[in-house]
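One structure below.
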Amino acid sequence: MLVNVIGMGYIGLPTALMMASHGVNVIGTDYNKKLIEQLQTTGKVFEEKGLSELFDEARRKGIRFSDQYQKADIYIVSVPTPYLKKSRKIDPKYVIAACKSVLEICADGAILVVESTISPGTIDHCVRPLIGERRVHLAHAPERIIPGNMLQELIHNSRTIGADDPETAETVKDLYASFCKGEIVLTNIRTAEMSKVVENTFRDINIAFANELTKICHEAGMDVYEVIRIANRHPRVNILNPGPGVGGHCISVDPWFLVGDFPNLTPLIHAARNVNDSMPEYVYKRIREIMTEKDIEDFSRVGLYGLTYKEDVDDTRESPTLQLLDILRHKHADKMPLVYDPFIKTDMVQNQVHNLSDFLSNTDLVVIMVGHSELKNQPELLNGKAVLDTRNVIFTEDVYRL
């Protein structure tokens, strides 16, 4: 059996490597020829704990990479699924393009698995019509991993597989069971689509509640973290942490799929998205308050620590820092802050520096946008600085919270 994994990004590559390292015959495909060349040589495409070792093991087991689709028994489509900002609906163009390319080469009886996160009904509306009368079996196996802990979650998280018939479902289950130790649940395709979107939407709503509490507590002069700590001692309460916004390609995107498809039925989900999207603007207001209190007049003396959307990864998708920088460009284009992130090695934004010492020596106010271990493990480096800690990870003197 040959498996062709389509899309060698944050999800497709670890999935292909994991399968190959567990004895599955795998070819990884991506239209990006430069990326494929990297995979065929160094294998270094993004930072992730344990990924280099997994790559070496997969290469020993015979994984191959190509910019051409292959004739295979099973195809796993793992390509981006952005949303259309105007309509809030999913933009399925990458999924459609990948599936079309698969159908141009696959044999009858092949299984086409969409692993990309999609809105409920996407396979029925966008993929099934492409197949027509061909005997190609469809399945949906939504990914459930997070950067920074991908490999552990690939192995231990439960998985959901939706398929049209039990035989297809069992075949796909056996493939994922080659490495997955978590429970593998079988259902229909639309339920699998919905369950993944619902998981991320639930978290988005919970974070929005925490962020709204932050604003209330700041207005009322209370410590939101103490409030949440005490409230979470109740056995049926689990409030997540507030933060400067919600990033990544899942929690900040997937709820819009439901808002776009069901605009009259999702006022709560829509409100939660608006709350979380408002947080970079709220961070800007807190920066202004602290600058006034500390007599800091120049935004170029402010430093934003962290460009990624979460700690100890190099993933900047939907990063709250990038959203904050957009706000600052409109308000203070001539006096932009310094920016530093230990995981981003090349210039990505204006006034970016690549040395922590240079960053700290040229700032009076440090805004911690990401709680990277580098700074968490050396809080003494911030002594003498005003600090706005949006992640609640630093506990030295003169630290402000959201």
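Just remember, in the structure tokens the first chain shown is A, the second B, etc., residues are 1-based per chain, and ligands are 1-based in the order shown.
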**Report entry** Selection near segment 176-184 of chain A, 6 Å with only C-alpha atoms, sequence-local residues under 2 positions removed, as a PyMOL selection string
**Finding:** chain A and resi 155-160+173-174
Okay, now the selection with C-alpha atoms, as a PDB file, in the first residue's frame?
ATOM      1  CA  ILE A 155       0.743   9.694  18.874  1.00  0.00           C
ATOM      2  CA  HIS A 156      -1.479  10.148  21.918  1.00  0.00           C
ATOM      3  CA  ASN A 157      -4.454  12.330  20.918  1.00  0.00           C
ATOM      4  CA  SER A 158      -7.675  10.631  19.936  1.00  0.00           C
ATOM      5  CA  ARG A 159      -8.668  10.881  16.276  1.00  0.00           C
ATOM      6  CA  THR A 160     -11.969  11.141  14.441  1.00  0.00           C
ATOM      7  CA  LYS A 173      -8.455   3.746  10.822  1.00  0.00           C
ATOM      8  CA  ASP A 174      -5.877   0.986  10.282  1.00  0.00           C
TER       9      ASP A 174
END
Query raised in the report: If we count only C-alpha atoms, what is near Leu2 of chain A at a cut-off of 6 Å, once residues fewer than 6 positions away on the same chain are taken out, given as a ChimeraX atom specification?
Result: /A:25-26,72-73
Select from segment 260-319 of chain A every residue with an atom at most 10 Å from any atom of segment 88-101 of chain A, then for each give the shortest pair of atoms and their distance in Å to one decimal, using only C-alpha atoms, rows by chain and rising number, as a Markdown table.
| residue | atom | partner | partner_atom | distance |
| --- | --- | --- | --- | --- |
| A:Gly260 | CA | A:Arg88 | CA | 4.3 |
| A:Asp261 | CA | A:Lys89 | CA | 6.2 |
| A:Phe262 | CA | A:Lys89 | CA | 9.5 |
| A:Pro263 | CA | A:Arg88 | CA | 9.0 |
Query raised in the report: So which one's closest to Leu51 of chain A, A:Tyr75, A:Phe395, A:Tyr69, A:Tyr10? Using only C-alpha atoms, please.
Result: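 When distances to Leu51 of chain A are compared using only C-alpha atoms, the smallest one comes from A:Tyr10.
Shortest separation to Ala272 of chain A among A:Asn241, A:Thr201, A:Ser87, A:Gln323 occurs at residue A:Thr201, atoms counted being only C-alpha atoms.
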Report task. Name the residues in contact with Glu281 of chain A at a cut-off of 9 Å, using only C-alpha atoms, excluding same-chain residues fewer than 4 positions from it; report them as a PyMOL selection string. Result -> chain A and resi 244+277+285-286+323-324+327
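Between Lys376 of chain A and the residues A:Met348, A:Val393, A:Leu13, A:Cys250, the shortest atom-to-atom distance, using only C-alpha atoms, involves A:Val393.
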Query raised in the report: Which is closer to Ser119 of chain A than all the others in A:Ile230, A:Val246, A:Ile205, A:Val253, using only C-alpha atoms?
Result: A:Val253
Report task. Check the DSSP output for the backbone and give back, as a PyMOL selection string, the residues of segment 56-230 of chain A in strand (DSSP E). Result -> chain A and resi 64-66+74-77+111-114+137-140+159-163+184-187
**Report entry** Atom-to-atom span, atom CA of Asn383 of chain A and atom CA of Asp398 of chain A, Å
**Finding:** 8.5 Å
